[in-house]
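Asks: Below is the file query28.cif, with mmCIF, C-alpha atoms and all ligand atoms.
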data_final
loop_
_atom_site.group_PDB
_atom_site.id
_atom_site.type_symbol
_atom_site.label_atom_id
_atom_site.label_comp_id
_atom_site.auth_asym_id
_atom_site.auth_seq_id
_atom_site.Cartn_x
_atom_site.Cartn_y
_atom_site.Cartn_z
ATOM 1 C CA ALA A 1 156.064 139.376 213.088
ATOM 2 C CA SER A 2 156.417 143.094 213.311
ATOM 3 C CA ASP A 3 156.637 145.475 216.232
ATOM 4 C CA TRP A 4 154.261 147.863 214.515
ATOM 5 C CA SER A 5 151.422 148.473 216.941
ATOM 6 C CA SER A 6 148.426 147.680 214.816
ATOM 7 C CA ASP A 7 146.028 144.800 214.565
ATOM 8 C CA VAL A 8 145.769 145.145 210.808
ATOM 9 C CA CYS A 9 148.537 144.643 208.267
ATOM 10 C CA SER A 10 152.143 144.237 209.286
ATOM 11 C CA SER A 11 153.256 147.535 207.882
ATOM 12 C CA ASP A 12 152.213 150.600 205.983
ATOM 13 C CA LEU A 13 154.578 152.175 203.557
ATOM 14 C CA GLY A 14 154.696 155.518 201.886
ATOM 15 C CA ILE A 15 155.542 155.937 198.219
ATOM 16 C CA THR A 16 156.594 159.396 197.160
ATOM 17 C CA GLY A 17 158.720 161.288 194.658
ATOM 18 C CA GLY A 18 158.782 164.617 192.897
ATOM 19 C CA ILE A 19 156.345 165.558 190.145
ATOM 20 C CA GLY A 20 156.843 163.299 187.120
ATOM 21 C CA SER A 21 159.090 160.852 188.961
ATOM 22 C CA GLY A 22 156.529 158.146 188.185
ATOM 23 C CA LYS A 23 155.171 157.404 191.661
ATOM 24 C CA SER A 24 151.623 156.750 190.361
ATOM 25 C CA THR A 25 153.015 154.491 187.648
ATOM 26 C CA VAL A 26 155.108 152.545 190.180
ATOM 27 C CA ALA A 27 152.159 152.394 192.624
ATOM 28 C CA ARG A 28 150.109 150.777 189.855
ATOM 29 C CA ILE A 29 152.716 148.007 189.594
ATOM 30 C CA PHE A 30 152.277 147.320 193.327
ATOM 31 C CA SER A 31 148.480 147.238 192.740
ATOM 32 C CA THR A 32 148.916 144.488 190.191
ATOM 33 C CA LEU A 33 150.584 142.480 192.989
ATOM 34 C CA ASN A 34 147.339 142.917 195.009
ATOM 35 C CA ILE A 35 148.885 145.492 197.310
ATOM 36 C CA PRO A 36 146.259 148.078 198.334
ATOM 37 C CA VAL A 37 147.288 151.632 197.395
ATOM 38 C CA TYR A 38 145.805 154.756 199.006
ATOM 39 C CA ASP A 39 146.224 157.763 196.723
ATOM 40 C CA ALA A 40 146.303 160.585 199.284
ATOM 41 C CA ASP A 41 146.089 163.432 196.774
ATOM 42 C CA SER A 42 142.956 162.154 195.043
ATOM 43 C CA HIS A 43 141.323 161.229 198.363
ATOM 44 C CA ALA A 44 142.057 164.770 199.577
ATOM 45 C CA LYS A 45 140.298 166.197 196.503
ATOM 46 C CA ASN A 46 137.289 163.939 197.100
ATOM 47 C CA LEU A 47 137.015 164.659 200.795
ATOM 48 C CA MET A 48 136.862 168.378 200.084
ATOM 49 C CA THR A 49 133.373 167.792 198.651
ATOM 50 C CA THR A 50 132.207 164.659 200.484
ATOM 51 C CA ASP A 51 133.419 165.091 204.083
ATOM 52 C CA LYS A 52 130.724 167.211 205.761
ATOM 53 C CA ILE A 53 133.009 168.340 208.577
ATOM 54 C CA LEU A 54 135.720 169.429 206.152
ATOM 55 C CA VAL A 55 133.206 171.181 203.877
ATOM 56 C CA ALA A 56 131.859 173.145 206.855
ATOM 57 C CA GLU A 57 135.385 174.109 207.915
ATOM 58 C CA ILE A 58 136.306 175.272 204.399
ATOM 59 C CA ILE A 59 133.140 177.392 204.184
ATOM 60 C CA ARG A 60 133.812 178.885 207.609
ATOM 61 C CA GLU A 61 137.397 179.741 206.655
ATOM 62 C CA PHE A 62 137.040 180.794 203.002
ATOM 63 C CA GLY A 63 133.351 181.608 202.569
ATOM 64 C CA THR A 64 130.401 180.139 200.659
ATOM 65 C CA LEU A 65 131.989 181.056 197.313
ATOM 66 C CA SER A 66 134.298 178.051 197.863
ATOM 67 C CA TYR A 67 131.479 175.847 196.560
ATOM 68 C CA GLN A 68 129.222 176.054 193.537
ATOM 69 C CA SER A 69 125.441 175.742 193.858
ATOM 70 C CA ASP A 70 125.592 172.014 193.017
ATOM 71 C CA GLY A 71 128.039 171.378 195.881
ATOM 72 C CA ALA A 72 131.124 171.025 193.686
ATOM 73 C CA LEU A 73 134.270 172.702 194.969
ATOM 74 C CA ASP A 74 135.014 175.963 193.171
ATOM 75 C CA ARG A 75 138.662 175.116 192.550
ATOM 76 C CA LYS A 76 139.330 178.277 190.597
ATOM 77 C CA PHE A 77 138.067 180.496 193.418
ATOM 78 C CA LEU A 78 139.953 178.591 196.083
ATOM 79 C CA ALA A 79 143.146 178.416 194.029
ATOM 80 C CA GLU A 80 143.080 182.186 193.565
ATOM 81 C CA VAL A 81 142.609 182.685 197.306
ATOM 82 C CA VAL A 82 145.306 180.313 198.528
ATOM 83 C CA PHE A 83 147.967 180.723 195.864
ATOM 84 C CA ASN A 84 148.143 184.450 196.482
ATOM 85 C CA ASP A 85 148.547 183.990 200.221
ATOM 86 C CA PRO A 86 150.897 181.357 201.697
ATOM 87 C CA GLY A 87 149.211 181.751 205.095
ATOM 88 C CA LYS A 88 145.860 180.774 203.577
ATOM 89 C CA LEU A 89 147.421 177.840 201.739
ATOM 90 C CA SER A 90 148.848 176.452 204.953
ATOM 91 C CA ARG A 91 145.483 177.089 206.675
ATOM 92 C CA LEU A 92 143.737 175.052 203.956
ATOM 93 C CA ASN A 93 146.303 172.271 204.340
ATOM 94 C CA SER A 94 145.823 172.275 208.091
ATOM 95 C CA LEU A 95 142.101 171.680 207.535
ATOM 96 C CA VAL A 96 142.513 168.980 204.870
ATOM 97 C CA HIS A 97 145.411 166.928 206.305
ATOM 98 C CA PRO A 98 143.728 165.729 209.527
ATOM 99 C CA ARG A 99 140.635 164.637 207.576
ATOM 100 C CA VAL A 100 142.793 162.718 205.084
ATOM 101 C CA ASP A 101 144.688 161.125 207.999
ATOM 102 C CA LEU A 102 141.396 159.972 209.503
ATOM 103 C CA ASP A 103 140.106 158.669 206.170
ATOM 104 C CA PHE A 104 143.425 156.855 205.692
ATOM 105 C CA GLU A 105 143.116 155.203 209.116
ATOM 106 C CA HIS A 106 139.601 153.979 208.271
ATOM 107 C CA TRP A 107 140.842 152.708 204.927
ATOM 108 C CA VAL A 108 143.781 150.888 206.560
ATOM 109 C CA SER A 109 141.430 149.109 208.954
ATOM 110 C CA ARG A 110 139.614 147.639 205.933
ATOM 111 C CA GLN A 111 142.831 146.116 204.489
ATOM 112 C CA ALA A 112 143.368 143.504 207.178
ATOM 113 C CA SER A 113 144.275 140.709 204.790
ATOM 114 C CA ALA A 114 147.029 142.594 202.952
ATOM 115 C CA PRO A 115 150.661 141.805 203.841
ATOM 116 C CA TYR A 116 151.386 145.552 203.644
ATOM 117 C CA ILE A 117 149.778 148.644 202.177
ATOM 118 C CA LEU A 118 151.050 151.693 200.297
ATOM 119 C CA LYS A 119 150.171 155.343 200.803
ATOM 120 C CA GLU A 120 150.972 157.422 197.745
ATOM 121 C CA ALA A 121 151.477 161.167 198.149
ATOM 122 C CA ALA A 122 153.589 163.968 196.698
ATOM 123 C CA LEU A 123 154.108 165.525 200.130
ATOM 124 C CA LEU A 124 154.862 162.593 202.412
ATOM 125 C CA PHE A 125 157.932 164.131 203.991
ATOM 126 C CA ASN A 126 156.725 167.711 204.299
ATOM 127 C CA SER A 127 153.383 166.921 205.962
ATOM 128 C CA GLY A 128 154.877 164.977 208.834
ATOM 129 C CA ALA A 129 153.138 161.821 207.583
ATOM 130 C CA SER A 130 156.465 160.031 207.152
ATOM 131 C CA LYS A 131 156.815 159.732 210.910
ATOM 132 C CA LYS A 132 153.695 157.560 211.049
ATOM 133 C CA LEU A 133 154.729 155.387 208.138
ATOM 134 C CA ASN A 134 156.923 152.383 208.667
ATOM 135 C CA LYS A 135 159.079 152.741 205.592
ATOM 136 C CA ILE A 136 159.289 155.106 202.650
ATOM 137 C CA ILE A 137 159.863 154.259 198.999
ATOM 138 C CA VAL A 138 161.163 157.130 196.885
ATOM 139 C CA VAL A 139 160.761 157.032 193.108
ATOM 140 C CA ALA A 140 163.644 158.913 191.527
ATOM 141 C CA ALA A 141 164.328 160.333 188.070
ATOM 142 C CA PRO A 142 166.467 163.274 186.904
ATOM 143 C CA THR A 143 164.830 166.678 186.656
ATOM 144 C CA GLU A 144 165.135 166.878 182.833
ATOM 145 C CA VAL A 145 163.342 163.534 182.446
ATOM 146 C CA ARG A 146 160.587 164.597 184.827
ATOM 147 C CA ILE A 147 160.065 167.915 183.034
ATOM 148 C CA GLU A 148 159.771 166.098 179.695
ATOM 149 C CA ARG A 149 157.203 163.624 181.111
ATOM 150 C CA ILE A 150 155.023 166.349 182.645
ATOM 151 C CA ARG A 151 155.257 168.477 179.499
ATOM 152 C CA ARG A 152 153.836 165.521 177.576
ATOM 153 C CA ARG A 153 151.294 164.478 180.213
ATOM 154 C CA ASP A 154 149.873 167.864 181.227
ATOM 155 C CA GLY A 155 150.965 170.218 178.458
ATOM 156 C CA ARG A 156 152.437 172.596 181.043
ATOM 157 C CA THR A 157 155.293 174.925 180.142
ATOM 158 C CA ASP A 158 158.820 174.251 181.405
ATOM 159 C CA ASP A 159 158.567 177.341 183.616
ATOM 160 C CA GLN A 160 155.366 176.112 185.266
ATOM 161 C CA ILE A 161 156.889 172.683 185.879
ATOM 162 C CA LYS A 162 160.120 174.150 187.275
ATOM 163 C CA LYS A 163 158.094 176.317 189.651
ATOM 164 C CA ILE A 164 156.386 173.200 191.047
ATOM 165 C CA ILE A 165 159.705 171.336 191.279
ATOM 166 C CA ASN A 166 161.222 174.252 193.210
ATOM 167 C CA GLN A 167 158.339 174.127 195.718
ATOM 168 C CA GLN A 168 158.917 170.416 196.361
ATOM 169 C CA MET A 169 161.585 168.799 198.479
ATOM 170 C CA ASP A 170 164.932 168.441 196.776
ATOM 171 C CA GLN A 171 165.339 164.990 195.200
ATOM 172 C CA GLN A 172 168.670 164.272 196.925
ATOM 173 C CA GLU A 173 167.089 165.066 200.268
ATOM 174 C CA MET A 174 164.227 162.666 199.462
ATOM 175 C CA GLU A 175 166.672 159.924 198.505
ATOM 176 C CA HIS A 176 168.618 160.555 201.696
ATOM 177 C CA ARG A 177 165.492 159.942 203.774
ATOM 178 C CA ALA A 178 164.273 156.946 201.742
ATOM 179 C CA ASP A 179 164.257 153.358 202.981
ATOM 180 C CA TYR A 180 163.995 152.080 199.396
ATOM 181 C CA ILE A 181 164.746 153.901 196.149
ATOM 182 C CA ILE A 182 163.235 152.939 192.808
ATOM 183 C CA ARG A 183 165.184 154.371 189.868
ATOM 184 C CA ASN A 184 162.736 155.315 187.129
ATOM 185 C CA ASP A 185 165.218 156.958 184.784
ATOM 186 C CA GLY A 186 165.631 154.216 182.203
ATOM 187 C CA SER A 187 168.909 152.989 183.721
ATOM 188 C CA GLU A 188 167.282 149.957 185.291
ATOM 189 C CA LEU A 189 164.025 148.069 184.626
ATOM 190 C CA VAL A 190 161.338 149.169 187.080
ATOM 191 C CA ILE A 191 159.313 145.978 187.504
ATOM 192 C CA PRO A 192 162.254 143.903 188.856
ATOM 193 C CA GLN A 193 163.015 146.716 191.351
ATOM 194 C CA VAL A 194 159.373 146.610 192.521
ATOM 195 C CA LEU A 195 159.472 142.809 192.784
ATOM 196 C CA ARG A 196 162.635 142.928 194.919
ATOM 197 C CA ILE A 197 161.084 145.384 197.392
ATOM 198 C CA HIS A 198 157.809 143.431 197.369
ATOM 199 C CA GLN A 199 159.646 140.201 198.215
ATOM 200 C CA THR A 200 161.561 141.894 201.037
ATOM 201 C CA LEU A 201 158.332 143.250 202.511
ATOM 202 C CA ILE A 202 156.529 139.917 202.170
ATOM 203 C CA ASN A 203 159.421 138.269 204.017
ATOM 204 C CA LEU A 204 159.239 140.918 206.755
ATOM 205 C CA ALA A 205 155.471 140.430 207.053
ATOM 206 C CA SER A 206 155.558 136.657 207.408
HETATM 207 P P1 LIG B 301 152.632 163.577 189.821
HETATM 208 O O1 LIG B 301 153.471 164.038 190.967
HETATM 209 O O2 LIG B 301 152.335 164.673 188.863
HETATM 210 O O3 LIG B 301 151.401 162.855 190.252
HETATM 211 P P2 LIG B 301 153.944 161.045 189.320
HETATM 212 O O4 LIG B 301 155.224 161.052 190.050
HETATM 213 O O5 LIG B 301 152.811 160.306 189.946
HETATM 214 O O6 LIG B 301 153.524 162.533 188.983
HETATM 215 P P3 LIG B 301 153.377 159.572 186.929
HETATM 216 O O7 LIG B 301 152.040 160.203 186.705
HETATM 217 O O8 LIG B 301 153.424 158.167 187.392
HETATM 218 O O9 LIG B 301 154.258 160.490 187.899
HETATM 219 O O10 LIG B 301 154.288 159.686 185.636
HETATM 220 C C1 LIG B 301 154.374 160.927 184.911
HETATM 221 C C2 LIG B 301 154.253 160.662 183.424
HETATM 222 O O11 LIG B 301 155.430 159.964 183.001
HETATM 223 C C3 LIG B 301 153.086 159.752 183.064
HETATM 224 O O12 LIG B 301 152.541 160.206 181.843
HETATM 225 C C4 LIG B 301 153.710 158.379 182.928
HETATM 226 O O13 LIG B 301 152.999 157.579 182.025
HETATM 227 C C5 LIG B 301 155.097 158.715 182.420
HETATM 228 N N1 LIG B 301 156.126 157.740 182.879
HETATM 229 C C6 LIG B 301 156.352 157.340 184.137
HETATM 230 N N2 LIG B 301 157.366 156.460 184.188
HETATM 231 C C7 LIG B 301 157.785 156.290 182.911
HETATM 232 C C8 LIG B 301 158.800 155.505 182.292
HETATM 233 N N3 LIG B 301 159.622 154.718 182.977
HETATM 234 N N4 LIG B 301 158.930 155.585 180.969
HETATM 235 C C9 LIG B 301 158.125 156.397 180.249
HETATM 236 N N5 LIG B 301 157.151 157.160 180.752
HETATM 237 C C10 LIG B 301 156.971 157.118 182.068
#
Written as structure tokens, that's how I'd like the structure from this file.
Replies:
Amino acid sequence: ASDWSSDVCSSDLGITGGIGSGKSTVARIFSTLNIPVYDADSHAKNLMTTDKILVAEIIREFGTLSYQSDGALDRKFLAEVVFNDPGKLSRLNSLVHPRVDLDFEHWVSRQASAPYILKEAALLFNSGASKKLNKIIVVAAPTEVRIERIRRRDGRTDDQIKKIINQQMDQQEMEHRADYIIRNDGSELVIPQVLRIHQTLINLAS
């Protein structure tokens, strides 16, 4: 039994970590254990074209050029607008976050049979979402390892990757706030770490 005030699963957890830490990779391991995973960043991208209320708000705020004639988001236009103006970026986030929160709540209500669920996001701590989540898993790896992974995955330059890392929360700070830490730096096998946390959560849920 849990004191979490919901009629659905016993708990919802966040999984986060800096760019290249391997949070998506680790989340996939939880998926193979039948744990539902909500990928907040990809849902946010989707909702920006499918959520009529959000679309209307984006057009009102940033103009009709935000969308192409076929309804697709004009990412290049919007990126140019928001990345040159921090005020506009936070305005965009303040439109998107509540709609993602709502979508997440609907999604959670459909996962009634799961012992627990995972919400995956790069910005769990910064957005205030961590307060609503029961526990947080942080995936950790040293900066050099993360840069190497992202260089290979995305073909970005070291400077571009470092810029993103500098915008994110410091890894030590993340670890400090974590309930569980998964070390994805090659020092320890990842799957046994996932299984240990999974077993703990199953025990808590039953
Ligand atoms: P982002 O914040 O960009 O979404 P992420 O934290 O979700 O990144 P992943 O996409 O899971 O990170 O991993 C980044 C890259 O590193 C991927 O190409 C992944 O396959 C690779 N990777 C992750 N963990 C390991 C590992 N233990 N060994 C080797 N490669 C790994």
Asks: Listing only residues of segment 86-202 of chain A within 9 Å of segment 51-75 of chain A, what is the closest atom pair and its distance in Å (to one decimal) for each, using only C-alpha atoms, sorted by chain and residue number ascending, as CSV?
Replies:
residue,atom,partner,partner_atom,distance
A:Lys88,CA,A:Phe62,CA,8.8
A:Arg91,CA,A:Glu61,CA,8.5
A:Leu92,CA,A:Ile58,CA,7.4
A:Leu95,CA,A:Leu54,CA,6.9
A:Val96,CA,A:Leu54,CA,6.9
A:Arg99,CA,A:Leu54,CA,7.0
Asks: Using the chain letters and numbering of this document, enumerate as a list in words the residues selected by the PyMOL selection byres (((chain A and resi 36) around 8) and not hetatm).
Replies: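 On this input, the PyMOL selection byres (((chain A and resi 36) around 8) and not hetatm) captures Phe30, Ser31, Asn34, Ile35, Val37, Tyr38, Gln111, Ala114, Tyr116, Ile117 and Leu118 of chain A.
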Asks: Box for ligand LIG 301 (chain B) - axis-aligned, 5 Å on each of the six sides, all listed atoms - centre and size in Å to one decimal, as JSON.
Replies:
{"center_x": 155.5, "center_y": 159.7, "center_z": 185.6, "size_x": 18.2, "size_y": 20.0, "size_z": 20.7}
Asks: Taking all atoms listed in the file into account, which residues have an atom no farther than 6 Å from ligand LIG 301 (chain B)? I'd like them as a ChimeraX atom specification.
Replies: /A:17-25,122,149-150,153,184
Asks: Select, from A:Pro115, A:Ile29, A:Val139, A:Ile182, the residue with the minimum atom-to-atom distance to Asn203 of chain A, counting only C-alpha atoms.
Replies: A:Pro115
